[in-house]
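> Questions regarding the structure given below will be posed in turn.
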Amino acid sequence: MTKPPLRRLTVADDLAGCLKLAVNRDWGAEEHKWRFLFTHGEVYGIDAPDGDGLAGTTILTRYGSTLAAVSMVLVAARYEGRGFGRHLMTHAIDQAGDATVTLHATDRGRPLYEKLGFRPIGTVITHVGRFTPTADHPSGTGTVRPATEADLPALLTLDAEVFGADRAPLLRRLPHFAEHTVLAESGSPDGRITGYAAAWRNIDTLVIGPVIADTPDTARQLIAALARNAGPDTAVRLDLRTDRLAETDGLHLWAAAQGVLPGFPNTLMVLGDRDLPGDDRRRHTPLMVALG
């Protein structure tokens with residue numbers, strides 16, 4: 001079968017088509033999220049042969065030259081089984097070059113990714129619900145406060161150490177994308193930053209991510225500080241690694257106790273035999289699963 005033409009999409013010309021395709025696949029019209037991904041990633045698509053919008057999309061987001069994330073692999077229902085998803089994926093992988101490539105896979109997409117050489121390295125469960133704090137408030141040795149512009153250099157230094165790749169261009173725009181960003185400071189005289197977190201709106205949900213923290217207690221403090229801003233009628237979303245948290249810090253159990261309940265799973269995957277860089281123990285939630 002001849003491969004369909006593939007082109008680089010633009011937010012001005014193709015955002016509406018991406019949203020229409022996402023709704024077609026029951027992902028929702030996440031305009032705020034798509035605009036952010038267009039700003040920081042390379043969005044590729046296939047025009048529908050029947051002339052009705054887009055037949056498929058994918059996004060490659062680079063973190064320097066060492067790490068890249070693939071996301072938003074969507075194929076219109078009427079074109080399933082024709083190789084469009086594979087074509088989009090192989091193009092994104094080729095564009096990534098020598099970088100380590102990662103993605104979060106749904107159960108529907110995982111078989112294709114495994115055929116392309118991706119292997120599972122973790123499980124992420126999306127928790128959603130109205131945050132109702134229990135009487136037992138999160139404890140910690142430090143304090144949590146709103147982040148300011150002056151905190152950005154220290155925040156970027158911490159993130160590079162924990163994430164293991166350069167996502168400074170993305171984080172510099174975080175104040176414009178997120179509604180709130182908070183950071184945790186140690187109780188020591190040096191006031192060292194021990195973690196940070198942000199919250200952003202996705203349609204009618206407040207997504208909390210990223211959450212970078214030195215300990216589970218600090219992560220709980222950061223999450224609780226942000227979740228209180230959701231309001232009584234807005235659900236909170238947390239994308240939590242349950243394969244390691246279940247036996248260590250119990251963060252997912254704490255979230256459920258606050259009313260943010262476990263829902264659908266994703267599989268964290270990496271291409272080939274490489275490992276993700278950085279400090280996995282301090283990465284508690286991603287900014288969004290689309291960004292690795």
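Every chain in the structure tokens has a letter given in the order shown (A, B, ...), and although residue numbers restart at 1 in each chain, ligands are simply numbered from 1 in the order shown.
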Can I get the residues of stretch 128-227 of chain A within 10 Å of stretch 39-57 of chain A, each with the closest pair of atoms and their distance in Å to one decimal, using only C-alpha atoms, sorted chain first then ascending number, as a tab-separated table?

```
residue	atom	partner	partner_atom	distance
A:Arg167	CA	A:His40	CA	9.7
A:Pro169	CA	A:His40	CA	8.0
A:Leu170	CA	A:His40	CA	6.6
A:Arg173	CA	A:His40	CA	9.7
```
> I need the residues from that last selection saved to file as a compact mmCIF listing (two decimals), in the first residue's frame (with C-alpha atoms), if you can.

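Okay, result-v8.txt is ready:
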```
# COMPACT_ATOMS: atom_id res chain seq x y z
CA ARG A 167 12.89 21.38 29.18
CA PRO A 169 11.94 26.46 27.04
CA LEU A 170 8.72 24.71 28.04
CA ARG A 173 6.12 29.40 29.50
```
> So which bits of stretch 82-201 of chain A end up helix (DSSP H, G or I) when you DSSP the backbone, as number ranges by chain?
A: 84-96, 110-115, 149-163, 168-172, 174-177
> Generate the output file for the selected residues, C-alpha atoms, as an mmCIF file, in the first residue's frame.

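Done, and the output landed in part.cif:
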```
data_model
loop_
_atom_site.group_PDB
_atom_site.id
_atom_site.type_symbol
_atom_site.label_atom_id
_atom_site.label_comp_id
_atom_site.auth_asym_id
_atom_site.auth_seq_id
_atom_site.Cartn_x
_atom_site.Cartn_y
_atom_site.Cartn_z
ATOM 1 C CA PHE A 84 -1.776 5.416 9.122
ATOM 2 C CA GLY A 85 -0.772 5.122 12.784
ATOM 3 C CA ARG A 86 2.385 3.192 11.935
ATOM 4 C CA HIS A 87 3.284 5.733 9.251
ATOM 5 C CA LEU A 88 2.921 8.627 11.697
ATOM 6 C CA MET A 89 4.897 6.820 14.400
ATOM 7 C CA THR A 90 7.799 5.807 12.171
ATOM 8 C CA HIS A 91 8.055 9.385 10.926
ATOM 9 C CA ALA A 92 8.198 10.733 14.486
ATOM 10 C CA ILE A 93 10.822 8.160 15.456
ATOM 11 C CA ASP A 94 12.946 9.035 12.423
ATOM 12 C CA GLN A 95 12.694 12.727 13.277
ATOM 13 C CA ALA A 96 13.853 12.040 16.854
ATOM 14 C CA ARG A 110 0.209 -0.286 22.990
ATOM 15 C CA PRO A 111 0.274 -3.237 20.510
ATOM 16 C CA LEU A 112 1.487 -0.947 17.715
ATOM 17 C CA TYR A 113 4.167 0.617 19.886
ATOM 18 C CA GLU A 114 5.449 -2.780 20.969
ATOM 19 C CA LYS A 115 5.739 -3.842 17.317
ATOM 20 C CA GLU A 149 9.604 35.024 38.549
ATOM 21 C CA ALA A 150 12.671 35.292 40.769
ATOM 22 C CA ASP A 151 12.398 31.573 41.556
ATOM 23 C CA LEU A 152 12.720 30.493 37.916
ATOM 24 C CA PRO A 153 16.525 29.911 37.835
ATOM 25 C CA ALA A 154 16.415 27.663 40.902
ATOM 26 C CA LEU A 155 13.316 25.874 39.589
ATOM 27 C CA LEU A 156 15.014 25.182 36.239
ATOM 28 C CA THR A 157 18.124 23.847 37.978
ATOM 29 C CA LEU A 158 16.062 21.460 40.088
ATOM 30 C CA ASP A 159 13.980 20.321 37.113
ATOM 31 C CA ALA A 160 17.031 19.606 34.935
ATOM 32 C CA GLU A 161 18.482 17.458 37.713
ATOM 33 C CA VAL A 162 15.265 15.487 38.261
ATOM 34 C CA PHE A 163 13.892 15.299 34.711
ATOM 35 C CA ALA A 168 13.685 24.982 30.123
ATOM 36 C CA PRO A 169 11.938 26.455 27.037
ATOM 37 C CA LEU A 170 8.725 24.706 28.042
ATOM 38 C CA LEU A 171 8.951 25.622 31.725
ATOM 39 C CA ARG A 172 9.625 29.279 30.976
ATOM 40 C CA LEU A 174 4.579 27.555 32.428
ATOM 41 C CA PRO A 175 3.382 30.776 34.138
ATOM 42 C CA HIS A 176 1.399 31.588 30.973
ATOM 43 C CA PHE A 177 -0.035 28.080 30.639
#
```
> Can you work out which one of A:Ala235, A:Leu268, A:Val124, A:Leu206 has the shortest atom-to-atom distance to A:Ala105, counting only C-alpha atoms?
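Looking at the shortest contact to A:Ala105, the residue is A:Leu268.
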> Calculate how many Å separate atom CA of A:Phe131 from atom CA of A:Pro286, rounding to one decimal.
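Computing the Euclidean distance for atom CA of A:Phe131 and atom CA of A:Pro286 yields 18.9 Å.
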> Ranking A:Met72, A:Leu21, A:Ala16, A:Ile212 by minimum distance to A:Arg281 and counting only C-alpha atoms, which one comes first?
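Residue with the minimum atom-to-atom distance to A:Arg281: A:Ile212.
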> Tell me which of A:Gly209, A:Pro265, A:Gly164, A:Gly142 sits closest to A:Val236, counting only C-alpha atoms.
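Looking only at the distances to A:Val236, the closest residue turns out to be A:Gly209.
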> Which neighbours of stretch 22-33 of chain A fall inside 10 Å, counting only C-alpha atoms, when residues of the same chain fewer than 6 positions from it are skipped, and could you give them as a list in words?
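Here the qualifying residues turn out to be Leu15, Ala16, Gly56, Thr57, Met72, Val73, Leu74, Val75, Ala76, Ala77, Arg78, Phe177, Trp200, Arg201, Asn202, Ile203, Asp204, Met288 and Ala290 of chain A.
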> For those residues, write N, CA and C atoms to a file as a CSV table (one decimal), in the first residue's frame.

```
chain,number,residue,atom,x,y,z
A,15,LEU,N,-5.4,23.6,13.8
A,15,LEU,CA,-5.9,23.3,15.2
A,15,LEU,C,-7.3,22.8,15.2
A,16,ALA,N,-8.2,23.4,14.4
A,16,ALA,CA,-9.6,23.0,14.3
A,16,ALA,C,-9.7,21.6,13.9
A,56,GLY,N,-5.2,11.6,10.5
A,56,GLY,CA,-4.3,11.2,11.6
A,56,GLY,C,-3.4,12.3,12.0
A,57,THR,N,-2.9,12.2,13.3
A,57,THR,CA,-2.0,13.2,13.8
A,57,THR,C,-1.0,12.5,14.8
A,72,MET,N,-0.3,12.2,21.2
A,72,MET,CA,-1.4,12.5,20.3
A,72,MET,C,-1.4,11.7,19.0
A,73,VAL,N,-1.2,10.4,19.1
A,73,VAL,CA,-1.2,9.5,18.0
A,73,VAL,C,-2.7,9.2,17.8
A,74,LEU,N,-3.3,9.9,16.8
A,74,LEU,CA,-4.8,9.7,16.6
A,74,LEU,C,-5.0,9.4,15.1
A,75,VAL,N,-5.9,8.4,14.9
A,75,VAL,CA,-6.3,8.0,13.6
A,75,VAL,C,-7.8,8.0,13.5
A,76,ALA,N,-8.4,8.7,12.6
A,76,ALA,CA,-9.9,8.7,12.4
A,76,ALA,C,-10.4,7.3,12.4
A,77,ALA,N,-11.5,7.0,13.0
A,77,ALA,CA,-12.1,5.7,13.1
A,77,ALA,C,-12.3,5.0,11.7
A,78,ARG,N,-12.6,5.8,10.7
A,78,ARG,CA,-12.9,5.3,9.4
A,78,ARG,C,-11.6,4.9,8.7
A,177,PHE,N,0.8,29.2,30.9
A,177,PHE,CA,0.0,28.1,30.6
A,177,PHE,C,-0.8,27.6,31.9
A,200,TRP,N,-3.1,23.3,35.8
A,200,TRP,CA,-3.6,24.0,34.6
A,200,TRP,C,-5.0,23.4,34.3
A,201,ARG,N,-5.8,24.2,33.6
A,201,ARG,CA,-7.2,23.7,33.2
A,201,ARG,C,-7.2,23.0,31.9
A,202,ASN,N,-7.9,21.9,31.9
A,202,ASN,CA,-8.1,21.1,30.7
A,202,ASN,C,-9.6,20.9,30.6
A,203,ILE,N,-10.3,21.7,29.8
A,203,ILE,CA,-11.7,21.7,29.7
A,203,ILE,C,-12.3,22.0,31.1
A,204,ASP,N,-12.9,21.0,31.7
A,204,ASP,CA,-13.5,21.2,33.0
A,204,ASP,C,-12.8,20.6,34.2
A,288,MET,N,2.0,16.7,31.6
A,288,MET,CA,0.8,16.0,31.0
A,288,MET,C,1.4,14.7,30.4
A,290,ALA,N,1.1,13.6,27.6
A,290,ALA,CA,1.5,13.9,26.2
A,290,ALA,C,3.0,14.4,26.1
```
> Any chance you could list, as an MDAnalysis selection string, the residues in stretch 17-168 of chain A that come up strand (DSSP E or B) when DSSP is run on the backbone?
chainID A and resid 41:47 54:63 67:75 100:105 118:129 143:146
> Mind checking which residues fall within 12 Å of A:Asp98, counting only C-alpha atoms, ignoring those fewer than 6 positions away in the same chain, and posting them as JSON, numbers by chain?
{"A": [62, 64, 65, 66, 67, 68, 271, 272, 274]}
> Mind giving me the straight-line distance from atom CA of A:His180 to atom CA of A:Trp254 in Å, one decimal?
21.8 Å
> Would you kindly return, as a list in words, each protein, DNA or RNA residue with an atom no farther than 7 Å from any atom of A:Leu238, considering only C-alpha atoms and excluding same-chain residues fewer than 6 positions away?
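My reading of the contact set: Thr126, His127, Val128, Val207, Ile208 and Thr285 of chain A.
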> Just the number, please: distance in Å from atom CA of A:Glu80 to atom CA of A:Val11, one decimal.
24.7 Å
> Which neighbours of stretch 225-232 of chain A fall inside 12 Å, counting only C-alpha atoms, when residues of the same chain fewer than 3 positions from it are skipped, and could you give them as a PyMOL selection string?
chain A and resi 128-133+137-138+143-147+178-184+196-202+204-211+218-222+235-238+255+258-260
> Point out the residue among A:Ile121, A:Ala224, A:Ala165, A:Ile193 with the least atom-to-atom distance to A:Thr267, counting only C-alpha atoms.
A:Ile121
